[in-house]
>>> print(open('upload31.cif').read())   # mmCIF, C-alpha atoms
data_run
loop_
_atom_site.group_PDB
_atom_site.id
_atom_site.type_symbol
_atom_site.label_atom_id
_atom_site.label_comp_id
_atom_site.auth_asym_id
_atom_site.auth_seq_id
_atom_site.Cartn_x
_atom_site.Cartn_y
_atom_site.Cartn_z
ATOM 1 C CA MET A 1 0.000 0.000 0.000
ATOM 2 C CA THR A 2 1.447 3.395 -0.973
ATOM 3 C CA ILE A 3 1.927 6.125 1.598
ATOM 4 C CA PRO A 4 -0.674 8.537 0.087
ATOM 5 C CA MET A 5 -3.229 5.703 0.071
ATOM 6 C CA LYS A 6 -2.506 4.966 3.729
ATOM 7 C CA ARG A 7 -2.975 8.641 4.522
ATOM 8 C CA ILE A 8 -6.305 8.741 2.695
ATOM 9 C CA LEU A 9 -7.559 5.649 4.526
ATOM 10 C CA PHE A 10 -6.406 7.059 7.856
ATOM 11 C CA LEU A 11 -8.166 10.354 7.176
ATOM 12 C CA LEU A 12 -11.357 8.581 6.141
ATOM 13 C CA ALA A 13 -11.281 6.411 9.255
ATOM 14 C CA ALA A 14 -10.780 9.509 11.400
ATOM 15 C CA LEU A 15 -13.672 11.208 9.598
ATOM 16 C CA LEU A 16 -15.939 8.225 10.223
ATOM 17 C CA LEU A 17 -14.978 8.102 13.900
ATOM 18 C CA THR A 18 -15.717 11.808 14.234
ATOM 19 C CA LEU A 19 -19.027 11.377 12.483
ATOM 20 C CA SER A 20 -20.052 8.462 14.673
ATOM 21 C CA ALA A 21 -19.117 10.398 17.796
ATOM 22 C CA ALA A 22 -21.005 13.435 16.587
ATOM 23 C CA ALA A 23 -24.013 11.328 15.689
ATOM 24 C CA GLN A 24 -24.198 9.958 19.230
ATOM 25 C CA ASN A 25 -26.873 11.903 21.060
ATOM 26 C CA GLY A 26 -30.081 11.492 23.003
ATOM 27 C CA LYS A 27 -32.035 11.026 19.801
ATOM 28 C CA SER A 28 -29.783 8.343 18.355
ATOM 29 C CA ILE A 29 -29.800 6.406 21.630
ATOM 30 C CA TYR A 30 -33.581 6.714 21.807
ATOM 31 C CA GLN A 31 -34.006 5.545 18.216
ATOM 32 C CA LYS A 32 -31.728 2.578 18.769
ATOM 33 C CA TYR A 33 -33.314 1.223 21.937
ATOM 34 C CA SER A 34 -36.902 2.485 22.079
ATOM 35 C CA ASP A 35 -38.348 -0.457 20.139
ATOM 36 C CA ALA A 36 -36.499 -3.193 22.028
ATOM 37 C CA GLU A 37 -38.305 -5.701 24.218
ATOM 38 C CA ASN A 38 -38.888 -4.835 27.887
ATOM 39 C CA VAL A 39 -38.078 -1.223 27.184
ATOM 40 C CA SER A 40 -40.413 1.651 27.910
ATOM 41 C CA ALA A 41 -39.642 4.817 26.017
ATOM 42 C CA VAL A 42 -40.944 8.352 25.998
ATOM 43 C CA TYR A 43 -40.127 11.083 23.523
ATOM 44 C CA ILE A 44 -41.492 14.608 23.667
ATOM 45 C CA SER A 45 -40.650 16.735 20.652
ATOM 46 C CA PRO A 46 -39.880 20.459 20.506
ATOM 47 C CA ALA A 47 -43.276 20.994 18.839
ATOM 48 C CA MET A 48 -45.044 19.264 21.734
ATOM 49 C CA PHE A 49 -43.091 21.364 24.223
ATOM 50 C CA ARG A 50 -44.303 24.463 22.388
ATOM 51 C CA LEU A 51 -47.880 23.177 22.713
ATOM 52 C CA ILE A 52 -47.420 22.453 26.423
ATOM 53 C CA GLY A 53 -46.119 25.998 26.862
ATOM 54 C CA ARG A 54 -49.376 27.336 25.450
ATOM 55 C CA ILE A 55 -51.580 25.481 27.928
ATOM 56 C CA PRO A 56 -52.981 28.134 30.248
ATOM 57 C CA ASP A 57 -52.420 27.774 33.991
ATOM 58 C CA VAL A 58 -50.311 24.626 33.898
ATOM 59 C CA GLU A 59 -49.516 23.549 37.387
ATOM 60 C CA THR A 60 -48.877 20.359 39.264
ATOM 61 C CA GLY A 61 -51.528 18.415 41.158
ATOM 62 C CA ASP A 62 -50.995 20.220 44.418
ATOM 63 C CA GLY A 63 -50.267 23.510 42.684
ATOM 64 C CA LYS A 64 -47.046 24.086 44.593
ATOM 65 C CA VAL A 65 -44.502 23.671 41.826
ATOM 66 C CA ASN A 66 -44.496 25.709 38.658
ATOM 67 C CA LEU A 67 -42.924 23.813 35.789
ATOM 68 C CA SER A 68 -43.786 26.409 33.165
ATOM 69 C CA PRO A 69 -40.475 28.357 32.968
ATOM 70 C CA VAL A 70 -38.452 25.201 32.491
ATOM 71 C CA ILE A 71 -40.965 23.558 30.156
ATOM 72 C CA ARG A 72 -40.922 26.589 27.875
ATOM 73 C CA SER A 73 -37.163 26.315 27.638
ATOM 74 C CA LEU A 74 -37.105 22.605 26.773
ATOM 75 C CA SER A 75 -36.762 21.422 23.201
ATOM 76 C CA GLY A 76 -36.685 17.658 23.576
ATOM 77 C CA MET A 77 -37.013 14.900 26.130
ATOM 78 C CA TYR A 78 -35.887 11.311 25.659
ATOM 79 C CA ILE A 79 -36.509 8.615 28.245
ATOM 80 C CA ILE A 80 -35.467 5.002 27.966
ATOM 81 C CA ASN A 81 -36.194 2.580 30.768
ATOM 82 C CA SER A 82 -34.815 -0.842 30.041
ATOM 83 C CA GLU A 83 -35.355 -4.069 31.918
ATOM 84 C CA ASN A 84 -33.835 -6.028 29.076
ATOM 85 C CA ALA A 85 -30.619 -7.627 30.339
ATOM 86 C CA ALA A 86 -29.418 -8.213 26.774
ATOM 87 C CA ILE A 87 -29.185 -4.506 25.967
ATOM 88 C CA ASN A 88 -28.639 -2.890 29.371
ATOM 89 C CA GLU A 89 -24.855 -2.917 29.167
ATOM 90 C CA ASN A 90 -24.799 -1.522 25.637
ATOM 91 C CA LEU A 91 -27.313 1.145 26.557
ATOM 92 C CA ARG A 92 -25.229 2.194 29.542
ATOM 93 C CA ASN A 93 -22.003 2.214 27.518
ATOM 94 C CA GLU A 94 -23.537 4.257 24.706
ATOM 95 C CA ALA A 95 -25.022 6.740 27.147
ATOM 96 C CA GLU A 96 -21.607 7.115 28.799
ATOM 97 C CA ARG A 97 -19.943 7.645 25.422
ATOM 98 C CA PHE A 98 -22.532 10.297 24.582
ATOM 99 C CA ILE A 99 -21.915 11.997 27.933
ATOM 100 C CA LYS A 100 -18.159 12.016 27.288
ATOM 101 C CA SER A 101 -18.383 13.219 23.710
ATOM 102 C CA GLY A 102 -20.979 15.852 24.633
ATOM 103 C CA LYS A 103 -18.633 17.296 27.273
ATOM 104 C CA TYR A 104 -21.218 16.861 30.024
ATOM 105 C CA GLU A 105 -20.131 17.634 33.567
ATOM 106 C CA LEU A 106 -20.995 15.432 36.493
ATOM 107 C CA LEU A 107 -23.575 17.145 38.660
ATOM 108 C CA MET A 108 -24.184 14.370 41.150
ATOM 109 C CA GLU A 109 -23.411 10.725 41.736
ATOM 110 C CA ALA A 110 -25.104 8.506 44.285
ATOM 111 C CA LYS A 111 -24.622 4.804 44.915
ATOM 112 C CA ASP A 112 -27.208 3.216 47.101
ATOM 113 C CA GLN A 113 -28.427 -0.364 47.488
ATOM 114 C CA GLY A 114 -26.902 -1.547 44.234
ATOM 115 C CA GLU A 115 -28.154 1.413 42.243
ATOM 116 C CA THR A 116 -25.820 3.984 40.741
ATOM 117 C CA VAL A 117 -27.319 7.301 39.750
ATOM 118 C CA ARG A 118 -25.365 9.928 37.885
ATOM 119 C CA MET A 119 -26.630 13.305 36.735
ATOM 120 C CA TYR A 120 -24.838 15.457 34.226
ATOM 121 C CA THR A 121 -25.333 18.887 32.726
ATOM 122 C CA VAL A 122 -23.753 20.756 29.872
ATOM 123 C CA GLY A 123 -23.900 24.495 29.395
ATOM 124 C CA THR A 124 -22.722 27.626 31.098
ATOM 125 C CA GLU A 125 -22.958 28.997 34.601
ATOM 126 C CA LYS A 126 -26.353 30.501 33.808
ATOM 127 C CA LEU A 127 -27.759 28.216 31.141
ATOM 128 C CA ILE A 128 -28.177 24.451 30.892
ATOM 129 C CA ASN A 129 -28.156 23.176 27.304
ATOM 130 C CA GLY A 130 -28.562 19.560 28.243
ATOM 131 C CA PHE A 131 -29.292 17.369 31.219
ATOM 132 C CA VAL A 132 -28.707 13.636 31.430
ATOM 133 C CA MET A 133 -29.603 11.206 34.175
ATOM 134 C CA LEU A 134 -28.284 7.691 34.018
ATOM 135 C CA ALA A 135 -29.502 5.277 36.672
ATOM 136 C CA ALA A 136 -28.249 1.711 36.605
ATOM 137 C CA GLU A 137 -29.339 -1.197 38.750
ATOM 138 C CA GLN A 138 -28.555 -4.870 38.300
ATOM 139 C CA ASN A 139 -31.519 -5.475 35.987
ATOM 140 C CA GLU A 140 -32.614 -2.007 35.033
ATOM 141 C CA VAL A 141 -31.130 1.007 33.296
ATOM 142 C CA THR A 142 -32.853 4.375 33.045
ATOM 143 C CA PHE A 143 -31.644 7.058 30.670
ATOM 144 C CA ILE A 144 -33.218 10.511 30.759
ATOM 145 C CA CYS A 145 -32.028 13.224 28.417
ATOM 146 C CA LEU A 146 -33.385 16.768 28.346
ATOM 147 C CA ASP A 147 -32.398 19.229 25.631
ATOM 148 C CA GLY A 148 -33.082 22.926 25.679
ATOM 149 C CA GLN A 149 -31.931 26.280 26.939
ATOM 150 C CA MET A 150 -32.895 26.000 30.587
ATOM 151 C CA PRO A 151 -31.951 28.809 32.972
ATOM 152 C CA ARG A 152 -29.800 27.015 35.549
ATOM 153 C CA ASP A 153 -31.370 28.728 38.535
ATOM 154 C CA GLU A 154 -34.902 27.842 37.337
ATOM 155 C CA PHE A 155 -33.907 24.230 36.808
ATOM 156 C CA GLU A 156 -32.234 23.908 40.200
ATOM 157 C CA LYS A 157 -35.169 25.658 41.878
ATOM 158 C CA LEU A 158 -37.599 23.277 40.219
ATOM 159 C CA VAL A 159 -35.687 20.176 41.277
ATOM 160 C CA SER A 160 -35.305 21.437 44.841
ATOM 161 C CA GLU A 161 -39.004 22.379 45.019
ATOM 162 C CA GLN A 162 -39.961 18.912 43.844
ATOM 163 C CA LEU A 163 -37.590 17.590 46.484
ATOM 164 C CA ALA A 164 -39.322 19.565 49.205
ATOM 165 C CA ASN A 165 -42.770 18.206 48.279
ATOM 166 C CA MET B 1 30.565 28.190 -35.370
ATOM 167 C CA LYS B 2 26.864 28.280 -36.275
ATOM 168 C CA THR B 3 24.422 30.583 -34.568
ATOM 169 C CA LEU B 4 21.395 29.199 -32.733
ATOM 170 C CA GLU B 5 19.129 30.501 -35.484
ATOM 171 C CA GLU B 6 21.139 28.662 -38.127
ATOM 172 C CA ILE B 7 21.001 25.433 -36.145
ATOM 173 C CA GLU B 8 17.212 25.779 -35.720
ATOM 174 C CA ASN B 9 16.835 26.190 -39.508
ATOM 175 C CA LEU B 10 18.657 22.928 -40.256
ATOM 176 C CA SER B 11 16.578 19.980 -41.468
ATOM 177 C CA PRO B 12 16.599 16.706 -39.463
ATOM 178 C CA GLU B 13 18.670 15.031 -42.222
ATOM 179 C CA GLU B 14 21.271 17.817 -42.052
ATOM 180 C CA LEU B 15 21.364 17.548 -38.258
ATOM 181 C CA GLU B 16 21.834 13.781 -38.537
ATOM 182 C CA SER B 17 24.691 14.105 -41.050
ATOM 183 C CA LYS B 18 26.416 16.760 -38.920
ATOM 184 C CA ALA B 19 26.159 14.487 -35.875
ATOM 185 C CA ALA B 20 27.610 11.556 -37.853
ATOM 186 C CA GLU B 21 30.578 13.703 -38.958
ATOM 187 C CA LYS B 22 31.918 14.094 -35.443
ATOM 188 C CA PRO B 23 30.645 11.488 -32.977
ATOM 189 C CA ALA B 24 30.275 12.866 -29.456
ATOM 190 C CA ALA B 25 32.061 11.107 -26.632
ATOM 191 C CA VAL B 26 29.791 9.062 -24.361
ATOM 192 C CA PRO B 27 30.175 10.210 -20.748
ATOM 193 C CA GLU B 28 31.743 7.685 -18.451
ATOM 194 C CA GLY B 29 29.253 5.513 -16.518
ATOM 195 C CA LEU B 30 26.277 6.666 -18.581
ATOM 196 C CA GLN B 31 25.283 3.120 -19.414
ATOM 197 C CA GLU B 32 25.315 2.164 -15.729
ATOM 198 C CA ARG B 33 23.216 5.202 -14.793
ATOM 199 C CA ILE B 34 20.656 4.425 -17.484
ATOM 200 C CA ARG B 35 20.488 0.825 -16.292
ATOM 201 C CA LEU B 36 19.926 1.964 -12.685
ATOM 202 C CA ALA B 37 17.235 4.452 -13.723
ATOM 203 C CA LEU B 38 15.411 1.784 -15.712
ATOM 204 C CA SER B 39 15.628 -0.681 -12.797
ATOM 205 C CA ALA B 40 14.246 1.917 -10.376
ATOM 206 C CA GLN B 41 11.372 2.642 -12.745
ATOM 207 C CA GLU B 42 10.674 -1.082 -13.020
ATOM 208 C CA ILE B 43 10.564 -1.423 -9.190
ATOM 209 C CA VAL B 44 8.158 1.515 -8.832
ATOM 210 C CA GLN B 45 5.849 0.111 -11.507
ATOM 211 C CA GLU B 46 5.990 -3.314 -9.863
ATOM 212 C CA ARG B 47 4.908 -1.804 -6.503
ATOM 213 C CA ARG B 48 2.067 0.078 -8.159
ATOM 214 C CA ARG B 49 0.900 -3.129 -9.766
ATOM 215 C CA LYS B 50 1.024 -4.910 -6.382
ATOM 216 C CA THR B 51 -1.363 -2.444 -4.625
ATOM 217 C CA PRO B 52 -4.441 -4.563 -3.999
ATOM 218 C CA LEU B 53 -7.592 -3.615 -5.830
ATOM 219 C CA TRP B 54 -9.667 -3.610 -2.639
ATOM 220 C CA VAL B 55 -7.787 -0.592 -1.264
ATOM 221 C CA PRO B 56 -9.182 2.080 -3.620
ATOM 222 C CA PHE B 57 -12.576 0.381 -3.594
ATOM 223 C CA SER B 58 -12.752 0.242 0.180
ATOM 224 C CA ALA B 59 -11.641 3.872 0.354
ATOM 225 C CA LEU B 60 -14.478 4.749 -2.002
ATOM 226 C CA ALA B 61 -16.937 2.731 0.105
ATOM 227 C CA VAL B 62 -15.860 4.504 3.298
ATOM 228 C CA ALA B 63 -16.170 7.891 1.577
ATOM 229 C CA ALA B 64 -19.637 6.964 0.306
ATOM 230 C CA ALA B 65 -20.711 5.882 3.801
ATOM 231 C CA ALA B 66 -19.450 9.138 5.274
ATOM 232 C CA ALA B 67 -21.247 11.141 2.596
ATOM 233 C CA THR B 68 -24.478 9.209 3.240
ATOM 234 C CA LEU B 69 -24.268 9.976 6.946
ATOM 235 C CA LEU B 70 -23.789 13.646 6.198
ATOM 236 C CA ILE B 71 -26.277 14.063 3.396
ATOM 237 C CA LEU B 72 -29.238 11.897 4.439
ATOM 238 C CA PRO B 73 -31.776 13.826 6.492
ATOM 239 C CA GLN B 74 -32.039 12.519 10.051
ATOM 240 C CA ARG B 75 -35.627 11.567 10.699
ATOM 241 C CA GLY B 76 -36.773 12.251 14.234
ATOM 242 C CA PRO B 77 -38.673 9.814 16.404
ATOM 243 C CA LYS B 78 -42.446 10.013 16.741
ATOM 244 C CA ASP B 79 -43.943 11.876 19.672
ATOM 245 C CA THR B 80 -45.100 9.497 22.390
ATOM 246 C CA PHE B 81 -48.092 11.675 23.249
ATOM 247 C CA ASP B 82 -50.601 13.437 21.030
ATOM 248 C CA ASP B 83 -52.185 15.298 23.925
ATOM 249 C CA PRO B 84 -50.127 18.143 25.427
ATOM 250 C CA LEU B 85 -51.713 17.546 28.836
ATOM 251 C CA LEU B 86 -50.502 13.952 28.874
ATOM 252 C CA ALA B 87 -47.084 15.109 27.724
ATOM 253 C CA TYR B 88 -47.073 17.674 30.503
ATOM 254 C CA ALA B 89 -47.950 15.000 33.051
ATOM 255 C CA GLU B 90 -45.033 12.912 31.789
ATOM 256 C CA VAL B 91 -42.632 15.851 32.107
ATOM 257 C CA GLU B 92 -43.852 16.418 35.641
ATOM 258 C CA LYS B 93 -43.367 12.738 36.453
ATOM 259 C CA THR B 94 -39.866 12.898 35.006
ATOM 260 C CA PHE B 95 -38.910 15.852 37.177
ATOM 261 C CA GLN B 96 -40.345 13.988 40.149
ATOM 262 C CA THR B 97 -38.114 11.002 39.317
ATOM 263 C CA ILE B 98 -35.061 13.249 38.942
ATOM 264 C CA SER B 99 -35.848 14.857 42.303
ATOM 265 C CA GLU B 100 -36.276 11.507 44.023
ATOM 266 C CA LYS B 101 -32.955 10.258 42.714
ATOM 267 C CA MET B 102 -31.313 13.510 43.721
ATOM 268 C CA SER B 103 -32.961 13.287 47.111
ATOM 269 C CA ALA B 104 -31.381 9.853 47.618
ATOM 270 C CA GLY B 105 -27.986 11.419 46.920
ATOM 271 C CA VAL B 106 -28.632 14.269 49.313
ATOM 272 C CA ASP B 107 -29.678 11.789 52.055
ATOM 273 C CA ILE B 108 -26.449 9.835 51.605
ATOM 274 C CA ALA B 109 -24.475 13.069 51.826
ATOM 275 C CA ARG B 110 -26.355 14.046 55.008
ATOM 276 C CA GLU B 111 -25.627 10.666 56.615
ATOM 277 C CA ALA B 112 -21.960 10.966 55.696
ATOM 278 C CA SER B 113 -21.877 14.486 57.068
ATOM 279 C CA ALA B 114 -23.407 13.292 60.377
ATOM 280 C CA SER B 115 -20.780 10.541 60.634
ATOM 281 C CA VAL B 116 -18.040 13.111 60.135
ATOM 282 C CA ASP B 117 -19.598 15.543 62.619
ATOM 283 C CA PHE B 118 -19.811 13.016 65.479
ATOM 284 C CA PRO B 119 -16.038 12.494 66.024
ATOM 285 C CA GLN B 120 -15.569 16.243 65.650
ATOM 286 C CA THR B 121 -18.139 16.834 68.414
ATOM 287 C CA VAL B 122 -16.334 14.319 70.674
ATOM 288 C CA ILE B 123 -12.974 16.015 69.996
ATOM 289 C CA ASP B 124 -14.480 19.441 70.701
ATOM 290 C CA ARG B 125 -15.916 18.240 74.027
ATOM 291 C CA ILE B 126 -12.604 16.698 75.098
ATOM 292 C CA GLN B 127 -10.757 19.863 74.204
ATOM 293 C CA SER B 128 -13.212 22.052 76.082
ATOM 294 C CA LYS B 129 -12.661 20.155 79.340
#
>>> encode(input="upload31.cif", output="structure tokens")
Amino acid sequence: MTIPMKRILFLLAALLLTLSAAAQNGKSIYQKYSDAENVSAVYISPAMFRLIGRIPDVETGDGKVNLSPVIRSLSGMYIINSENAAINENLRNEAERFIKSGKYELLMEAKDQGETVRMYTVGTEKLINGFVMLAAEQNEVTFICLDGQMPRDEFEKLVSEQLAN
Amino acid sequence: MKTLEEIENLSPEELESKAAEKPAAVPEGLQERIRLALSAQEIVQERRRKTPLWVPFSALAVAAAAATLLILPQRGPKDTFDDPLLAYAEVEKTFQTISEKMSAGVDIAREASASVDFPQTVIDRIQSK
């Protein structure tokens, strides 16, 4: 094999690797695993989030927590809950690769009774562009991915308010 | 001595006869150099011939795959809910789940903090006596 040919192949391989890394996101993970057996999946599109934002007086059952500011800032939600042992490891590995390639920062990690929960965010000090929660038990993996432009203080307030209820 | 213009105006036959009149001396080692140059050319051509056919084809296939990934429009998944109220309820449930998981983490941190505080309290008491 000539040297220029080797260079071309190397460049193409690098291009493919970059493409595959770039292609890895909440949507691709959702599309890959949402139809598998023993998997429950939820996807809410940006259009649906816009519709939710137009519902007047949206509030939770007890009326204490206002989700509206965060909901209006969301543009996509992907949830995969898998109890399929055959895919759990792959799902977890792919989610971790996505987290790494997406430059997510670890927000919290908790290990309790065989369950490991990790939460990650990506964005700036004031704005969250993405949130990922990955919870893994022996037989169950949950992947939650939120996309949007969420004000960090609103998001943290919402989670802490939910926590208080 | 002929000028350049005169030489250029000579016919090929005249040039040939002039060359035959006074044969030029062959530089020393020219034959060896020509032989080496021809051998080198032969080696290069041999290597080119040996490059397997699959290499350019596989390179083309990889390029085509990359182009397909870039060009093809990425179709999005279908919305799980048609009703915004149901979607809203799901979002609320999701935030509840996130909070619960976070709450578990906070509880663990509190327990750890209490375990750290206890020896500190004992040390403080001893020191105050």
>>> atom_distance(input="upload31.cif", atom1="CA of Pro27 (chain B)", atom2="CA of Glu14 (chain B)")
24.3 Å
>>> interface_residues(input="upload31.cif", of="chain B", to="chain A", cutoff="10 Å", atoms="all atoms listed in the file", output="ChimeraX atom specification")
/B:47-48,50-52,55-56,58-60,62-63,65-67,69-70,74-109
>>> closest_residue(input="upload31.cif", among="A:Glu94, A:Asp147, A:Asp153, A:Glu37", to="Leu134 (chain A)", atoms="only C-alpha atoms")
A:Glu94
>>> resolve_selection(input="upload31.cif", expression="the PyMOL selection byres ((chain A and resi 127) around 6)", output="list of chain:residue names")
A:Gly123, A:Thr124, A:Glu125, A:Lys126, A:Ile128, A:Met150, A:Pro151, A:Arg152
>>> residues_near_point(input="upload31.cif", point="(-33.1, -4.1, 35.0)", cutoff="7 Å", atoms="only C-alpha atoms", output="PyMOL selection string")
chain A and resi 82-85+137-141
>>> atom_distance(input="upload31.cif", atom1="CA of Ile80 (chain A)", atom2="CA of Thr142 (chain A)")
5.7 Å
>>> atom_distance(input="upload31.cif", atom1="CA of Phe143 (chain A)", atom2="CA of Ala86 (chain A)")
15.9 Å
>>> residues_near_point(input="upload31.cif", point="(-30.5, -2.0, 22.5)", cutoff="7 Å", atoms="only C-alpha atoms", output="number ranges by chain")
A: 32-33, 36, 87, 90-91
>>> closest_residue(input="upload31.cif", among="A:Leu11, A:Val70, A:Val39, A:Leu106", to="Lys157 (chain A)", atoms="all atoms listed in the file")
A:Val70
>>> resolve_selection(input="upload31.cif", expression="the PyMOL selection byres ((chain A and resi 97) around 12)", output="PyMOL selection string")
chain A and resi 20-26+29+90-96+98-104+134
>>> closest_residue(input="upload31.cif", among="A:Asn38, A:Asn81, A:Asn88, A:Gln149", to="Val122 (chain A)", atoms="only C-alpha atoms")
A:Gln149
>>> decode(input="upload31.cif", residues="region 67-87 of chain A", atoms="N, CA and C atoms", output="PDB file, in the first residue's frame")
ATOM      1  N   LEU A  67     -43.869  24.358  36.767  1.00  0.00           N
ATOM      2  CA  LEU A  67     -42.924  23.813  35.789  1.00  0.00           C
ATOM      3  C   LEU A  67     -42.784  24.705  34.555  1.00  0.00           C
ATOM      4  N   SER A  68     -43.695  25.652  34.419  1.00  0.00           N
ATOM      5  CA  SER A  68     -43.786  26.409  33.165  1.00  0.00           C
ATOM      6  C   SER A  68     -42.468  27.013  32.664  1.00  0.00           C
ATOM      7  N   PRO A  69     -41.695  27.719  33.508  1.00  0.00           N
ATOM      8  CA  PRO A  69     -40.475  28.357  32.968  1.00  0.00           C
ATOM      9  C   PRO A  69     -39.512  27.344  32.356  1.00  0.00           C
ATOM     10  N   VAL A  70     -39.382  26.201  33.012  1.00  0.00           N
ATOM     11  CA  VAL A  70     -38.452  25.201  32.491  1.00  0.00           C
ATOM     12  C   VAL A  70     -39.038  24.518  31.256  1.00  0.00           C
ATOM     13  N   ILE A  71     -40.328  24.224  31.303  1.00  0.00           N
ATOM     14  CA  ILE A  71     -40.965  23.558  30.156  1.00  0.00           C
ATOM     15  C   ILE A  71     -40.839  24.412  28.903  1.00  0.00           C
ATOM     16  N   ARG A  72     -41.014  25.699  29.043  1.00  0.00           N
ATOM     17  CA  ARG A  72     -40.922  26.589  27.875  1.00  0.00           C
ATOM     18  C   ARG A  72     -39.509  26.606  27.283  1.00  0.00           C
ATOM     19  N   SER A  73     -38.549  26.266  28.127  1.00  0.00           N
ATOM     20  CA  SER A  73     -37.163  26.315  27.638  1.00  0.00           C
ATOM     21  C   SER A  73     -36.685  24.968  27.089  1.00  0.00           C
ATOM     22  N   LEU A  74     -37.522  23.933  27.247  1.00  0.00           N
ATOM     23  CA  LEU A  74     -37.105  22.605  26.773  1.00  0.00           C
ATOM     24  C   LEU A  74     -37.386  22.439  25.284  1.00  0.00           C
ATOM     25  N   SER A  75     -36.519  21.679  24.628  1.00  0.00           N
ATOM     26  CA  SER A  75     -36.762  21.422  23.201  1.00  0.00           C
ATOM     27  C   SER A  75     -36.782  19.934  22.874  1.00  0.00           C
ATOM     28  N   GLY A  76     -36.618  19.103  23.844  1.00  0.00           N
ATOM     29  CA  GLY A  76     -36.685  17.658  23.576  1.00  0.00           C
ATOM     30  C   GLY A  76     -36.466  16.860  24.844  1.00  0.00           C
ATOM     31  N   MET A  77     -37.205  15.771  24.969  1.00  0.00           N
ATOM     32  CA  MET A  77     -37.013  14.900  26.130  1.00  0.00           C
ATOM     33  C   MET A  77     -37.034  13.447  25.669  1.00  0.00           C
ATOM     34  N   TYR A  78     -35.999  12.728  26.037  1.00  0.00           N
ATOM     35  CA  TYR A  78     -35.887  11.311  25.659  1.00  0.00           C
ATOM     36  C   TYR A  78     -35.750  10.483  26.929  1.00  0.00           C
ATOM     37  N   ILE A  79     -36.612   9.498  27.078  1.00  0.00           N
ATOM     38  CA  ILE A  79     -36.509   8.615  28.245  1.00  0.00           C
ATOM     39  C   ILE A  79     -36.487   7.172  27.756  1.00  0.00           C
ATOM     40  N   ILE A  80     -35.534   6.438  28.251  1.00  0.00           N
ATOM     41  CA  ILE A  80     -35.467   5.002  27.966  1.00  0.00           C
ATOM     42  C   ILE A  80     -35.353   4.307  29.312  1.00  0.00           C
ATOM     43  N   ASN A  81     -36.285   3.392  29.557  1.00  0.00           N
ATOM     44  CA  ASN A  81     -36.194   2.580  30.768  1.00  0.00           C
ATOM     45  C   ASN A  81     -36.146   1.129  30.334  1.00  0.00           C
ATOM     46  N   SER A  82     -35.003   0.509  30.562  1.00  0.00           N
ATOM     47  CA  SER A  82     -34.815  -0.842  30.041  1.00  0.00           C
ATOM     48  C   SER A  82     -34.697  -1.875  31.160  1.00  0.00           C
ATOM     49  N   GLU A  83     -35.499  -2.910  31.026  1.00  0.00           N
ATOM     50  CA  GLU A  83     -35.355  -4.069  31.918  1.00  0.00           C
ATOM     51  C   GLU A  83     -34.935  -5.277  31.092  1.00  0.00           C
ATOM     52  N   ASN A  84     -34.294  -4.990  29.991  1.00  0.00           N
ATOM     53  CA  ASN A  84     -33.835  -6.028  29.076  1.00  0.00           C
ATOM     54  C   ASN A  84     -32.330  -6.237  29.305  1.00  0.00           C
ATOM     55  N   ALA A  85     -32.018  -7.374  29.962  1.00  0.00           N
ATOM     56  CA  ALA A  85     -30.619  -7.627  30.339  1.00  0.00           C
ATOM     57  C   ALA A  85     -29.695  -7.683  29.125  1.00  0.00           C
ATOM     58  N   ALA A  86     -30.251  -8.058  27.976  1.00  0.00           N
ATOM     59  CA  ALA A  86     -29.418  -8.213  26.774  1.00  0.00           C
ATOM     60  C   ALA A  86     -28.905  -6.872  26.246  1.00  0.00           C
ATOM     61  N   ILE A  87     -29.612  -5.806  26.536  1.00  0.00           N
ATOM     62  CA  ILE A  87     -29.185  -4.506  25.967  1.00  0.00           C
ATOM     63  C   ILE A  87     -28.711  -3.515  27.037  1.00  0.00           C
TER      64      ILE A  87
END
